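Comments concern the structure below.
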Amino acid sequence: MRGIAFVWQFGEVVLAIALAPLFAGWIAQCRAWMQSRSAPPLTQQYRMLRKLFNKDAALAESASRLFRMAPYVLFATMVLAAAVIPSVVTDLPFARAADAIALIGLFATARVFQALAAMDIGTSFGTLGARREMMVGFLAEPAILMVFFNAFLLFGSTALTGIVDSYSTHPSVIDPSVIFAAIAFVMVMLAENARIPIDNPATHLELTMIHEAMVLEYSARHLALVEWASSLKLLNYACIGIALFLPWGIAIHGASVTAVLIGTAALMVKLAVCGAGLALIESLSAKLRIFRAPEFLAMAFLIAVLGLLVHLLLGANTSA
Amino acid sequence: MNFPWANLAISSISTHELLSVMVVVACWSLLAFACMLRLRSIRYVARFLFSLGALLSTAMFGIAIAYLTSGHGPEVMTLPLGLPDLPFHLRLDPLSAFFLMILGLAGAGISVFAAGYFRSGEGTAPGLLGLHYHVFLASMAMVMIADDAYLFMVAWETMALTSYFLVTSQHRIPEIRKAGFLYLLMAHVGAVCILLGFGVMQGGSWQFTFDAMRSASLAPFWATVAFTLALIGFGAKAGLVPMHVWLPEAHPAAPSPVSAMMSGLMLKTAVYGMLRITFDLLHVQFWQWGLAVTVLGLFSGLFGAIFAAVQTDMKRLLAYSSIENVGLIFTAIGLSILFAASHMPLFAALALAAALIHALNHSLFKSILFLATGSVLHATRQRSLGKLGGLIRFMPWVATLALIGTLAIAGLPPLNGFVSEWLLLQAFLFTPQLPHTFINMLIPLGAAALALTVALAAYVMVKFYGIIFLGKPREASLEQAHDANWLERIGLAWLAVGCVAIGVQPQWALHLAGKVTSMLVGQPVSPEPSMWRIAPISPAQASYSGSVFLAVILCVVAITFLGVRLLAHGRTRTTAPWDCGYPWQDARMQDTAEGFGQPIRHMFGAFFHIERDLPSPTDLVPRYRIHIEDRFWRGIYRPIASGVQRLADAISLLQGGRLAVYLLYSFITLLGLLVFVL
């Protein structure tokens with residue numbers, strides 16, 4: 001039985017790695033439709049990766065080993081995160097290696113490596129991007145922690161697999177606090193993945209860029225890995241959101257092959273909906289000034305806290 | 001869990017661990033006097049005696065581990081030293097052994113580094129430094145095995161004095177003398193409070209042994225008074241806000257190995273004292289204490305992190321980061337008190353284990369970083385972040401080892417800093433089960449403050465590492481920087497290995513901390529020991545595995561690297577940086593330390609007192625100056641200082657300088673006494 005679990009584990013990671021560029025492409029396509037532009041093909045991201053992997057890398061002469069190592073570390077952390085998040089099945093041998101809080105730590109590792117690599121060349125844009133990225137990071141962490149705190153209060157577990165399992169055993173847990181948590185989570189997800197309104201992945205406008213400023217010096221295969229890792233990060237966040245708020249369809253422990261197939265199909269549908277939703281939010285909102293980013297994330301934090309308080313107050317009422 | 005090598009050590013040391021600890025302490029004292037034999041010989045004092053001291057520290061580490069794993073009960077001993085009728089009582093129990101282990105582990109690394117670090121012609125003669133250094137080590141060990149208030153205070157004061165002399169080793173610089181004075185002052189305010197605390201705790205028996213205090217039953221009011229005095233006293237030593245002001249002055253003033261000792265080890269004696277008094281000497285705990293300590297800890301943590309982010313001196317930055325880490329440790333202690341007072345021993349043990357492991361971790365990574373700043377200081381003669389940069393190319397060893405320390409202190413998995421922070425967050429998760437509804441509503445905010453602190457620490461460390469080691473060198477002279485020598489590298493590597501080992505196998509640390517929690521709150525942590533993950537409450541609720549993290553990351557890095565090598569066709573060529581095509585980049589265009597602190601100044605402006613001179617458009621020589629000050633200086637310390645000054649002025653009226661007046665004073669006093677007696 002454990003053998004099959006390792007097969008599911010491997011399959012899920014490969015699926016996540018393969019799907020990540022498609023998910024990013026899907027969001028780009030939805031955005032283009034909503035903005036009445038003609039959309040790039042869905043496979044555009046794959047083509048870009050292939051092109052980048054086949055180019056010569058231009059490396060700044062002041063680059064140290066840290067700079068060359070960082071893309072691999074980034075990619076590896078995101079693959080590990082994909083291995084831990086239950087997106088299709090919950091019977092994952094690696095899922096016990098990290099609960100949701102350890103996942104936050106894992107994303108922080110990736111963020112710190114990316115920021116350090118950005119500072120390595122010593123260009124003004126690189127350090128600017130690193131500083132902004134770390135700023136968004138420390139503002140986002142309390143908010144996302146509150147979201148997980150809320151999940152812990154509801155399900156008594158911070159392990160994502162545990163949360164999904166308890167959804168399936170008590171399918172009627174609809175708590176008003178979940179809605180607050182979901183809103184806060186989406187706000188954090190936008191900020192953490194360099195999306196509008198915090199960052200615009202489509203421009204190189206110096207006054208606003210965060211993610212692009214950090215990866216300016218990367219080229220060819222390094223850039224391909226960084227981009228792949230960031231689309232994988234977006235997919236991971238989407239899968240965390242799905243596990244927390246829309247876990248229906250995920251195959252739980254001891255699932256059959258059909259259940260896993262259903263789970264995969266359900267994941268595709270949910271990702272398609274999430275991607276369209278993200279594109280809608282991005283199309284409807286404007287990029288904020290960087291000084292407004294703290295307000296945006298403080299808002300996310302307050303909404304999450306409000307959710308917690310709602311839960312605690314309702315809980316206090318029902319027990320009294 | 002079994003430690004075969006530890007069992008071997010036990011059989012050779014037999015059961016007299018306390019005696020072995022005393023032997024190590026005696027050897028340190030001998031070393032201290034041996035340092036006096038040839039005061040000025042660097043080869044003899046530093047290279048030889050400090051290395052011997054490092055070996056003794058390793059022995060201390062081994063003894064402490066052997067005692068902790070053996071599961072022996074407390075060992076006691078009485079030494080006929082000290083005043084007549086006041087012999088020294090000694091005692092070794094899991095709590096003291098855990099802190100002796102920290103002392104041995106980090107002390108060994110720092111001593112090896114110090115063996116390579118000290119140069120002649122830097123302030124005090126090396127022999128005197130060696131004397132103070134080893135007495136300092138010995139006195140810290142004595143604090144941890146003292147079993148009566150008298151010996152505790154003697155060791156505590158010896159520790160304060162020797163560290164004062166170490167801080168002021170470059171006593172010809174006025175700022176350093178001033179910093180030393182401030183440190184001594186705060187140390188004594190703290191010591192007086194601790195002494196008063198012991199006075200309360202003897203509970204009318206006038207017996208100052210810890211055994212007597214354990215059996216004394218204090219009324220809740222007096223217990224609270226004793227606890228408050230201990231909190232002020234140990235808080236002043238640990239650097240809890242608002243008693244933190246000496247830390248950012250004293251740590252930068254001291255030579256780097258001494259800064260590492262003070263920050264990594266001496267602050268831990270305060271943590272030890274706090275735990276000893278709260279959980280061992282006082283019988284009961286009240287939840288109000290826990291709440292107070294948690295709030296103080298969280299505030300110190302946030303305060304330290306925010307101030308660290310705006311520093312421009314690398315050692316001051318680390319000093320503020322120590323305040324932050326001490327804040328985290330005290331937060332965990334506070335939670336533990338809250339749980340213990342509410343009779344939830346399992347969660348109390350979890351929070352306590354987080355405090356202990358964070359103390360252990362902090363002693364490792366903070367030492368690495370302070371020692372690395374020492375190497376940087378020797379290589380470049382610069383302490384200001386604005387004049388460093390790019391050292392990863394000239395000092396690869398220091399840069400690599402400091403990177404491990406940086407990632408560890410930033411709380412990133414799979415290194416050790418993350419383990420204790422994870423445990424602490426887990427402890428926070430269980431607070432809604434406390435029987436106080438009001439606190440339950442507030443405590444999630446505490447967890448959020450903790451998360452903010454930890455994430456800010458990552459920001460601070462990116463700034464620290466990025467500005468010192470990455471980027472372009474901000475001064476031309478930096479290109480001549482040389483790497484650390486072999487002894488320094490060994491010291492740094494020893495500590496870095498500790499960081500990685502605890503991060504990858506946190507079960508070891510948790511197992512040892514479990515011995516302490518069994519003693520203090522009657523509950524070991526991690527009921528389900530597992531070789532590859534930690535799950536403090538139950539695996540279904542939360543688990544974390546550092547080894548899997550490291551293994552998967554390394555494997556994926558290797559596979560990706562090989563895959564890219566095999567499948568990608570591109571080569572690598574080196575060019576000028578791209579930077580959006582702007583060709584006239586120079587080192588001055590990188591973010592400065594001030595620039596990196598700007599978002600923090602913007603967001604947390606209320607914490608600072610900022611004085612800023614902006615150049616006007618007509619200035620011929622435009623200058624930008626910013627001065628950031630602690631509000632506590634203005635709010636608390638300056639008023640106290642001026643009050644003391646005014647009081648002294650008032651009293652000095654008595655001192656007219658005329659003999660006749662003085663004789664009159666004596667006469668009046670005599671008359672008064674006569675009236676009193678009759």
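In the structure tokens, chains take letters A, B, ... by order of appearance, with residues numbered from 1 within each chain and ligands from 1 in the order shown.
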Report the closest atom pair, with its distance in Å rounded to one decimal, for each residue of chain B that has an atom no farther than 7 Å from chain A; count only C-alpha atoms, sort by chain and then rising residue number, and write it as a tab-separated table.
residue	atom	partner	partner_atom	distance
B:Arg393	CA	A:Ser64	CA	6.9
B:Leu412	CA	A:Thr109	CA	5.4
B:Pro413	CA	A:Gly105	CA	6.0
B:Leu429	CA	A:Phe149	CA	6.7
B:Met441	CA	A:Leu309	CA	6.7
B:Ala448	CA	A:Pro142	CA	4.8
B:Ala451	CA	A:Pro142	CA	5.1
B:Leu452	CA	A:Pro142	CA	5.5
B:Ala455	CA	A:Phe138	CA	4.6
B:Leu456	CA	A:Phe138	CA	5.6
B:Tyr459	CA	A:Met134	CA	5.6
B:Val462	CA	A:Leu116	CA	6.5
B:Gly466	CA	A:Met119	CA	6.0
B:Leu470	CA	A:Asp120	CA	4.6
B:Gly471	CA	A:Gly122	CA	3.6
B:Lys472	CA	A:Gly122	CA	5.0
B:Arg533	CA	A:Ala97	CA	6.8
B:Ala540	CA	A:Gly162	CA	6.3
B:Gln541	CA	A:Ser157	CA	4.1
B:Ala542	CA	A:Ala159	CA	5.3
B:Ser543	CA	A:Arg96	CA	5.8
B:Tyr544	CA	A:Ala98	CA	4.6
B:Ser545	CA	A:Ala97	CA	4.5
B:Val548	CA	A:Ala97	CA	6.3
B:Val552	CA	A:Leu80	CA	6.6
B:Ile553	CA	A:Ala76	CA	5.2
B:Val556	CA	A:Ala76	CA	5.2
B:Val557	CA	A:Tyr72	CA	5.4
B:Thr560	CA	A:Tyr72	CA	6.9
B:Ala568	CA	A:Phe53	CA	5.2
B:His569	CA	A:Asn54	CA	4.9
B:Gly570	CA	A:Asp56	CA	4.1
B:Arg571	CA	A:Asp56	CA	4.7
B:Thr572	CA	A:Ala57	CA	4.6
B:Arg573	CA	A:Ala58	CA	5.2
B:Thr574	CA	A:Leu59	CA	4.7
B:Thr575	CA	A:Ala60	CA	5.0
B:Ala576	CA	A:Ala60	CA	5.1
B:Pro577	CA	A:Ala60	CA	4.6
B:Trp578	CA	A:Glu217	CA	6.1
B:Asp579	CA	A:Thr123	CA	6.4
B:Gln585	CA	A:Thr123	CA	6.9
B:Ala587	CA	A:Gly122	CA	6.9
B:Met589	CA	A:Ser124	CA	5.5
B:Gln590	CA	A:Ser124	CA	4.6
B:Asp591	CA	A:Thr127	CA	5.7
B:Phe596	CA	A:Arg131	CA	6.3
For C-alpha atoms, I'd like the residues from the last selection saved as a short mmCIF file (atom, residue, chain, number, x, y, z; two decimals), in the first residue's frame.
data_model
loop_
_atom_site.label_atom_id
_atom_site.label_comp_id
_atom_site.auth_asym_id
_atom_site.auth_seq_id
_atom_site.Cartn_x
_atom_site.Cartn_y
_atom_site.Cartn_z
CA ARG B 393 34.43 37.30 -3.66
CA LEU B 412 14.36 29.33 7.31
CA PRO B 413 13.91 25.59 6.99
CA LEU B 429 -1.93 27.41 18.09
CA MET B 441 -9.22 36.57 21.66
CA ALA B 448 0.63 37.45 14.31
CA ALA B 451 5.05 35.98 12.64
CA LEU B 452 5.75 39.62 11.84
CA ALA B 455 9.54 37.71 8.93
CA LEU B 456 11.16 41.04 9.84
CA TYR B 459 14.36 41.12 6.18
CA VAL B 462 18.91 39.80 4.01
CA GLY B 466 23.41 41.32 1.23
CA LEU B 470 27.00 40.68 -1.84
CA GLY B 471 26.97 43.38 -4.47
CA LYS B 472 29.92 45.50 -5.48
CA ARG B 533 10.25 14.02 11.96
CA ALA B 540 -2.17 14.24 12.61
CA GLN B 541 -2.05 17.81 13.88
CA ALA B 542 1.33 19.00 12.76
CA SER B 543 4.68 17.55 11.92
CA TYR B 544 7.90 18.79 10.43
CA SER B 545 10.91 16.97 9.12
CA VAL B 548 13.28 15.33 4.40
CA VAL B 552 14.49 16.65 -1.17
CA ILE B 553 15.97 20.07 -1.85
CA VAL B 556 15.96 18.15 -6.76
CA VAL B 557 18.87 20.59 -7.10
CA THR B 560 17.70 19.70 -12.12
CA ALA B 568 19.98 22.45 -22.44
CA HIS B 569 22.31 23.53 -25.18
CA GLY B 570 23.41 26.91 -23.97
CA ARG B 571 26.87 27.88 -22.86
CA THR B 572 27.82 30.58 -20.42
CA ARG B 573 29.65 33.78 -21.20
CA THR B 574 30.48 36.56 -18.82
CA THR B 575 29.55 40.12 -19.63
CA ALA B 576 28.88 43.40 -17.93
CA PRO B 577 25.69 43.49 -15.84
CA TRP B 578 22.59 44.30 -17.86
CA ASP B 579 20.58 46.51 -15.48
CA GLN B 585 26.56 51.56 -12.96
CA ALA B 587 28.97 50.71 -6.45
CA MET B 589 24.20 53.20 -6.91
CA GLN B 590 23.46 50.10 -4.87
CA ASP B 591 21.02 50.29 -2.03
CA PHE B 596 17.30 49.22 2.99
#
Polymer residues at most 7 Å from segment 502-516 of chain B, only C-alpha atoms, same-chain spacing of 3 or more positions, as a short mmCIF file (atom, residue, chain, number, x, y, z; two decimals) with C-alpha atoms, in the first residue's frame:
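Result written to around14.cif:
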data_model
loop_
_atom_site.label_atom_id
_atom_site.label_comp_id
_atom_site.auth_asym_id
_atom_site.auth_seq_id
_atom_site.Cartn_x
_atom_site.Cartn_y
_atom_site.Cartn_z
CA LEU B 68 21.16 14.59 30.14
CA PRO B 94 18.67 18.63 33.74
CA LEU B 95 18.00 22.38 33.64
CA ALA B 353 10.96 23.27 24.70
CA LEU B 356 15.12 26.03 25.38
CA ILE B 357 15.80 25.12 21.77
CA PRO B 414 15.79 23.26 7.00
CA LEU B 415 18.13 25.05 9.43
CA ASN B 416 17.81 25.23 13.18
CA VAL B 419 12.70 24.53 14.37
CA GLY B 498 25.72 22.71 14.90
CA CYS B 499 23.14 24.86 13.09
CA MET B 519 11.82 18.25 35.47
CA LEU B 520 10.11 21.65 35.32
CA PRO B 524 8.38 15.34 28.32
CA VAL B 525 7.80 16.69 24.83
CA ILE B 534 9.05 15.94 14.97
CA GLY B 546 14.11 18.86 8.54
CA SER B 547 15.89 15.86 7.11
#
| request: Have a look at atom CA of Leu281 of chain B and atom CA of Ala212 of chain B and let me know their distance in Å, one decimal. | output: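 According to the coordinates, atom CA of Leu281 of chain B and atom CA of Ala212 of chain B are separated by 9.0 Å.
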Report as JSON lines the residues of segment 134-180 of chain B within 6 Å of segment 14-30 of chain B, each with its shortest atom pair and distance in Å (one decimal), using only C-alpha atoms, ordered by chain and increasing residue number.
{"residue": "B:His134", "atom": "CA", "partner": "B:Trp28", "partner_atom": "CA", "distance": 5.6}
{"residue": "B:Val135", "atom": "CA", "partner": "B:Ser29", "partner_atom": "CA", "distance": 5.9}
{"residue": "B:Ala138", "atom": "CA", "partner": "B:Val25", "partner_atom": "CA", "distance": 5.1}
Those residues with C-alpha atoms, as a JSON list (two decimals), in the first residue's frame please?
[["chain", "number", "residue", "atom", "x", "y", "z"],
["B", 134, "HIS", "CA", 38.30, 32.21, 31.02],
["B", 135, "VAL", "CA", 37.06, 33.53, 34.36],
["B", 138, "ALA", "CA", 34.00, 29.63, 34.53]]
| request: Quick one: pull the distance between atom CA of Phe365 of chain B and atom CA of Ala408 of chain B, Å, one decimal. | output: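 Separation between atom CA of Phe365 of chain B and atom CA of Ala408 of chain B: 6.5 Å.
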| Nearest candidate to Phe561 of chain B (options A:Asn200, A:Arg68, A:Gly3, A:Gln9; using only C-alpha atoms) | A:Arg68
| DSSP strand (DSSP E or B) residues within segment 392-622 of chain B, as a list of chain:residue names | B:Ile534, B:Tyr544, B:Thr572, B:Arg573, B:Thr574, B:Thr575, B:Phe608, B:His609, B:Ile610, B:Glu611, B:Arg612, B:Asp613
So that I can check the secondary structure, give me every residue of segment 179-210 of chain B assigned alpha helix (DSSP H) by backbone DSSP, as a tab-separated table (two decimals) with N, CA and C atoms, in the first residue's frame.
chain	number	residue	atom	x	y	z
B	179	ALA	N	30.20	53.05	27.03
B	179	ALA	CA	29.36	51.86	26.84
B	179	ALA	C	29.57	50.89	27.99
B	180	GLY	N	30.83	50.72	28.41
B	180	GLY	CA	31.13	49.81	29.51
B	180	GLY	C	30.45	50.26	30.79
B	181	PHE	N	30.48	51.58	31.03
B	181	PHE	CA	29.85	52.09	32.25
B	181	PHE	C	28.35	51.81	32.24
B	182	LEU	N	27.74	52.07	31.10
B	182	LEU	CA	26.30	51.83	30.99
B	182	LEU	C	25.98	50.37	31.27
B	183	TYR	N	26.82	49.50	30.71
B	183	TYR	CA	26.61	48.06	30.90
B	183	TYR	C	26.71	47.70	32.37
B	184	LEU	N	27.75	48.22	33.03
B	184	LEU	CA	27.97	47.89	34.43
B	184	LEU	C	26.80	48.38	35.28
B	185	LEU	N	26.33	49.58	34.95
B	185	LEU	CA	25.22	50.15	35.68
B	185	LEU	C	23.98	49.27	35.57
B	186	MET	N	23.64	48.90	34.32
B	186	MET	CA	22.43	48.08	34.13
B	186	MET	C	22.61	46.73	34.78
B	187	ALA	N	23.83	46.17	34.68
B	187	ALA	CA	24.07	44.87	35.29
B	187	ALA	C	23.83	44.94	36.79
B	188	HIS	N	24.20	46.07	37.41
B	188	HIS	CA	24.03	46.13	38.85
B	188	HIS	C	22.61	46.43	39.26
B	189	VAL	N	21.91	47.24	38.47
B	189	VAL	CA	20.49	47.41	38.76
B	189	VAL	C	19.81	46.05	38.74
B	190	GLY	N	20.16	45.26	37.71
B	190	GLY	CA	19.58	43.93	37.61
B	190	GLY	C	19.97	43.06	38.79
B	191	ALA	N	21.25	43.10	39.16
B	191	ALA	CA	21.72	42.23	40.25
B	191	ALA	C	21.02	42.58	41.55
B	192	VAL	N	20.80	43.87	41.79
B	192	VAL	CA	20.11	44.27	43.03
B	192	VAL	C	18.70	43.67	43.05
B	193	CYS	N	18.03	43.73	41.90
B	193	CYS	CA	16.68	43.18	41.85
B	193	CYS	C	16.69	41.69	42.12
B	194	ILE	N	17.67	40.99	41.53
B	194	ILE	CA	17.73	39.54	41.74
B	194	ILE	C	17.97	39.25	43.22
B	195	LEU	N	18.87	40.02	43.82
B	195	LEU	CA	19.20	39.83	45.24
B	195	LEU	C	17.94	40.04	46.10
B	196	LEU	N	17.21	41.10	45.80
B	196	LEU	CA	15.97	41.35	46.54
B	196	LEU	C	14.98	40.21	46.33
B	197	GLY	N	14.97	39.71	45.09
B	197	GLY	CA	14.08	38.60	44.79
B	197	GLY	C	14.40	37.39	45.66
B	198	PHE	N	15.69	37.08	45.79
B	198	PHE	CA	16.09	35.97	46.65
B	198	PHE	C	15.67	36.26	48.09
B	199	GLY	N	15.82	37.54	48.48
B	199	GLY	CA	15.44	37.92	49.83
B	199	GLY	C	13.97	37.62	50.08
B	200	VAL	N	13.13	37.89	49.11
B	200	VAL	CA	11.71	37.61	49.28
B	200	VAL	C	11.48	36.10	49.33
B	201	MET	N	12.23	35.39	48.48
B	201	MET	CA	11.92	33.97	48.32
B	201	MET	C	12.31	33.12	49.50
B	210	PHE	N	18.90	27.08	47.78
B	210	PHE	CA	17.75	26.92	46.89
B	210	PHE	C	16.80	25.87	47.44
| request: Might you pull out every residue within 8 Å of segment 337-349 of chain B, with only C-alpha atoms counted and same-chain residues fewer than 4 positions away left off, and present them as JSON, numbers by chain? | output: {"B": [284, 285, 286, 287, 288, 289, 290, 291, 333, 353, 427, 430, 434, 435, 514, 517, 518, 521, 522, 523, 524, 525, 537]}
List the spatial neighbours of Ala449 of chain B as a JSON list (two decimals) with N, CA and C atoms, in the first residue's frame - criterion: any atom at most 9 Å away, only C-alpha atoms, same-chain residues fewer than 6 positions off excluded.
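So selection10.json came out as:
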[["chain", "number", "residue", "atom", "x", "y", "z"],
["A", 142, "PRO", "N", 2.24, 37.47, 8.43],
["A", 142, "PRO", "CA", 1.25, 37.43, 9.51],
["A", 142, "PRO", "C", -0.15, 37.13, 8.98],
["B", 298, "LEU", "N", 6.98, 39.59, 23.34],
["B", 298, "LEU", "CA", 6.56, 39.94, 21.98],
["B", 298, "LEU", "C", 6.97, 41.35, 21.65],
["B", 299, "PHE", "N", 6.79, 42.25, 22.62],
["B", 299, "PHE", "CA", 7.15, 43.64, 22.33],
["B", 299, "PHE", "C", 8.66, 43.75, 22.10],
["B", 301, "GLY", "N", 10.63, 41.47, 21.02],
["B", 301, "GLY", "CA", 10.94, 40.85, 19.73],
["B", 301, "GLY", "C", 10.70, 41.82, 18.58],
["B", 302, "LEU", "N", 9.51, 42.41, 18.58],
["B", 302, "LEU", "CA", 9.15, 43.30, 17.49],
["B", 302, "LEU", "C", 10.06, 44.54, 17.50]]
